[in-house]
Amino acid sequence: MNKNRKNSVINNADRGAPRPKRQSRRQFLIKTGGVLAAGTFGAVPLRGWAADPINIGALYPTTGSMAQIGVGCVAAAKLAVEMVNEAGGIKSLGGAKLNLIISDVQSDTTVTRTETDRLITGNKLSAIHGCYASALTLIASEVAERAKVPLITGSSSDQLNKGRTYTFTPFARASQFAKAQLQMAKLGNEQAKVAVIFENTAFGTSTSNGLKELAPGEGVEIVMFEPYSAGFTDAAPLLNKVKASGANTLFSLSYLNDLILIVRTVRQIGLNIAINGGSGGFVMPDFYKNVGKPAEGLQGVAHWNHDVSDDAQKVNVEFKKRTGEFCFEYAGGLIAQTFMLVDALERAGSADPQKVREALSTLDVSSGYAAMAPGGKVKFGPDGKNVYGRPVGVQWQNADLASVFPKEDARAPLIKS
Amino acid sequence: MWETLAQAVINGLLIGGIYALVSIGVTLIFGVVKIVNFAQGEFVMIGMYISFFLSYQFGIDPIVSLLVSMPVLFVCGVLIQHFLIRRVLGPNDMPQIFLTFALSLLLLNLSLMLFTANYRTVHTWYSDEAFHLGGLYIPYAKLIAFVVAMGLSGVLWLFLHTTDMGKAMRAASQNKDVAMLMGINPNRVFCVALGVALALAGAAGSLLMPFYSAYPFVGQVFVLMAFVAVVLGTLGNVIGALIASLMMGVAESLGIQFVGADSGLIVVFAMLLLTLAFKPNGLGGGRAR
């Protein structure tokens, strides 16, 4: 019986396809073994009973337009679970192993809603992590709140901290990113004259408005503030305009393809300007592969980077071995999140989602894998926000992403353009 | 000020050359076969992937890989005409619209499956370099693309006006029934027209590769501009489509420069509406050439 169960766990982690079979097997176990055990032995925990695996839900888009990052997230989630299980599982629960149940939310908000629902009702989950893209996470978080299952996420939307009690965000919030970008601009040039170009979408408009509001307080002058239509054929006219504005720093709030075009065009024009590409696609290994040498010296912000701590570097080595790429922000962040869940499970001494939530709300770590975040400390406030959370400023240096800001997290000096 | 203006015009003309290759293909198919090819953008995408993989696997320069992408897509065009489009040519337009639309969806999803949604770029020594002239600059990659695009358009014009096949194509586009009476085999003419149009799309793809990323949806970006250019330059008129494409490139660039970076397309569409208001058949004045 035990062997059977173990097999089903592996099946699921690898493929997720034979799900109906696994579920029916579990139901069978619950109805027969479970009832029998409970009936015969009452509340006395059995050995095999106590070491029941702990189900952790993982919601990521592994197909559709967001699949590229989603697939990397799943690789990281599997690595994290293996690290925990190899180290002996959850000791306070008799060495119970983590069982990762992966669900593809297909880069689609409607699918996210139904998948989250299905994941929660079909499995006894202790916690969920996902979905990396804020638009999807907001939906998943709503469903998880209603079902009273804790959700921990690296998504940066500030909305995730409003009116929620089961949602935990251990990393920097969107509002903090703008401030960090402005401070980096000043670090690069005392008289920073910033041109802000942003795609005319919800993401571009909200982020750019944040920058505009904070700029005077940070002593940064914005000389150009221009929306553009995402998915253009040519970046030259837009950069012609940037050139005419006399800016010495460029903030580009763009998705990957537009940003690649912008960076290449800046080099063609021979424009000498410091570029801050923000987060998201910009801090992915793929960005450098696509842009090549012209990416050197480009700055961005991230909620996690692979050099923030010694533990992070260890994780990075392992991740690189598996995927061939360095551990990107969401991947590293969610490995840390898994260890935060482990810390909570250890202290809760139970797989019950409500108890895990209680334990998460009193989480306070400053060492180990759970604490590998910029700042090195995690403690959640009443709004589920890490009170120590802050973004890290990064720069592409020698084909690698180096942390350069703030001083406490910097592992390399900022190279001025 | 003058420098900014001149630079905006140069930027517009350069990208207009690429629009031209796509729109000439669309207009040629419409003029000769009388169908709207909604899948034209996907053939640009295929051209890009051909160049990408040739460069990635064998280190062949994207511009050189034109010599592969154009023939491959020519053959695709002939096959598509012979085995698919020929069967739906009839008095009813609906099956034709569905056919090319379905082809577009099929190619899009097939490439998503085969190539994934990742962006692919090619680096050449001229990718990030530009020719500087005073304060003006002309990126090499775009200049090469423009020159080759104009060259191909010229070759096409010569083909249409000097060769028997070209003349037969023009004849079929002016009046299919009379052309058939004169002994022209319409299916052969249609096959060549489809082949040439797709070869041009393939050329556009290869020429784009040194400065643009390939991804499955890339064709959609360009095909929208192509359709506008085809209408603006009179449906079926090759020279009209060429001139309209260049005008649109410049209008877009000037719009971005002087109206707003999110208004480039507004200027293009305003130009289209104004033209249609005064010349309902487009700039070519209703003559299909």
# chains A, B, ... in the order shown; residues from 1 in each chain; ligands from 1
>>> interface_residues(of="chain B", to="chain A", cutoff="9 Å", atoms="only C-alpha atoms", output="number ranges by chain")
B: 1, 4, 7-8, 11-12, 15, 112, 116-123, 127-132, 136-140, 211-213, 221-222, 252-258, 260-265
>>> residues_around(residues="Lys34 (chain B)", least_positions_apart="2", cutoff="12 Å", atoms="only C-alpha atoms", output="ChimeraX atom specification")
/B:26-32,36-37,85-86,88-93,96-97,169,172-176,186,190,193-194,235-236,288
>>> select_by_dssp(residues="region 58-209 of chain A", states="alpha helix (DSSP H)", output="JSON, numbers by chain")
{"A": [67, 68, 69, 70, 71, 72, 73, 74, 75, 76, 77, 78, 79, 80, 81, 82, 83, 84, 85, 86, 109, 110, 111, 112, 113, 114, 115, 116, 117, 118, 119, 120, 121, 122, 134, 135, 136, 137, 138, 139, 140, 141, 142, 143, 144, 145, 146, 147, 174, 175, 176, 177, 178, 179, 180, 181, 182, 183, 184, 185, 186, 187, 188, 202, 203, 204, 205, 206, 207, 208, 209]}
>>> atom_distance(atom1="CA of Leu250 (chain A)", atom2="CA of Val9 (chain B)")
23.5 Å
>>> select_by_dssp(residues="region 10-256 of chain B", states="strand (DSSP E)", output="MDAnalysis selection string")
chainID B and resid 130:133 136:139
>>> write_last_selection(atoms="N, CA and C atoms", output="mmCIF file, in the first residue's frame")
data_model
loop_
_atom_site.group_PDB
_atom_site.id
_atom_site.type_symbol
_atom_site.label_atom_id
_atom_site.label_comp_id
_atom_site.auth_asym_id
_atom_site.auth_seq_id
_atom_site.Cartn_x
_atom_site.Cartn_y
_atom_site.Cartn_z
ATOM 1 N N ALA B 130 24.919 51.410 -37.403
ATOM 2 C CA ALA B 130 24.192 52.337 -38.265
ATOM 3 C C ALA B 130 25.176 53.217 -39.023
ATOM 4 N N PHE B 131 24.691 53.717 -40.130
ATOM 5 C CA PHE B 131 25.445 54.593 -40.988
ATOM 6 C C PHE B 131 25.110 56.009 -40.530
ATOM 7 N N HIS B 132 26.115 56.777 -40.080
ATOM 8 C CA HIS B 132 25.836 58.111 -39.556
ATOM 9 C C HIS B 132 26.167 59.186 -40.578
ATOM 10 N N LEU B 133 25.258 60.121 -40.704
ATOM 11 C CA LEU B 133 25.415 61.188 -41.694
ATOM 12 C C LEU B 133 25.027 62.476 -40.997
ATOM 13 N N LEU B 136 22.130 62.560 -38.578
ATOM 14 C CA LEU B 136 21.185 61.514 -38.964
ATOM 15 C C LEU B 136 21.853 60.154 -38.924
ATOM 16 N N TYR B 137 21.044 59.129 -38.766
ATOM 17 C CA TYR B 137 21.602 57.785 -38.792
ATOM 18 C C TYR B 137 20.671 56.879 -39.593
ATOM 19 N N ILE B 138 21.271 55.926 -40.276
ATOM 20 C CA ILE B 138 20.488 54.935 -41.014
ATOM 21 C C ILE B 138 21.010 53.560 -40.620
ATOM 22 N N PRO B 139 20.207 52.782 -39.863
ATOM 23 C CA PRO B 139 20.671 51.454 -39.457
ATOM 24 C C PRO B 139 20.929 50.573 -40.690
#
>>> residues_around(residues="region 391-398 of chain A", least_positions_apart="3", cutoff="8 Å", atoms="only C-alpha atoms", output="list of chain:residue names")
A:Phe171, A:Ala172, A:Arg173, A:Gln176, A:Phe177, A:Ala180, A:Gln181, A:Met184, A:Ala295, A:Glu296, A:Gly297, A:Leu298, A:Gln299, A:Gly300, A:Val301, A:Ala302, A:His303, A:Trp304, A:Asn305, A:Pro374, A:Leu401, A:Ala402, A:Ser403, A:Val404, A:Phe405, A:Pro406, A:Asp409, A:Leu414
>>> residues_around(residues="Gly284 (chain B)", least_positions_apart="2", cutoff="12 Å", atoms="only C-alpha atoms", output="PyMOL selection string")
chain B and resi 229-244+275-276+279-282+286-289
>>> write_last_selection(atoms="C-alpha atoms", output="CSV table (one decimal), in the first residue's frame")
chain,number,residue,atom,x,y,z
B,229,ALA,CA,-1.8,49.7,-47.6
B,230,VAL,CA,-3.7,47.4,-50.0
B,231,VAL,CA,-6.9,49.4,-49.6
B,232,LEU,CA,-5.2,52.7,-49.6
B,233,GLY,CA,-3.3,51.9,-52.8
B,234,THR,CA,-6.4,50.4,-54.6
B,235,LEU,CA,-7.1,46.7,-54.3
B,236,GLY,CA,-5.0,44.7,-56.8
B,237,ASN,CA,-2.7,47.6,-57.7
B,238,VAL,CA,0.9,46.7,-57.1
B,239,ILE,CA,2.4,50.1,-57.6
B,240,GLY,CA,-0.4,51.6,-55.5
B,241,ALA,CA,0.4,49.2,-52.7
B,242,LEU,CA,4.1,50.0,-52.8
B,243,ILE,CA,3.5,53.8,-52.7
B,244,ALA,CA,0.8,53.4,-50.0
B,275,THR,CA,-8.2,59.1,-48.9
B,276,LEU,CA,-11.3,56.9,-49.1
B,279,LYS,CA,-10.9,58.8,-53.7
B,280,PRO,CA,-13.2,55.9,-52.8
B,281,ASN,CA,-11.1,53.4,-54.8
B,282,GLY,CA,-7.8,54.3,-53.2
B,286,GLY,CA,-9.7,52.1,-59.3
B,287,ARG,CA,-7.3,50.8,-61.9
B,288,ALA,CA,-5.8,47.5,-61.1
B,289,ARG,CA,-2.3,47.2,-62.4
>>> residues_around(residues="Leu125 (chain A)", least_positions_apart="2", cutoff="6 Å", atoms="only C-alpha atoms", output="list in words")
Asn55, Ile56, Asn123 and Ala127 of chain A
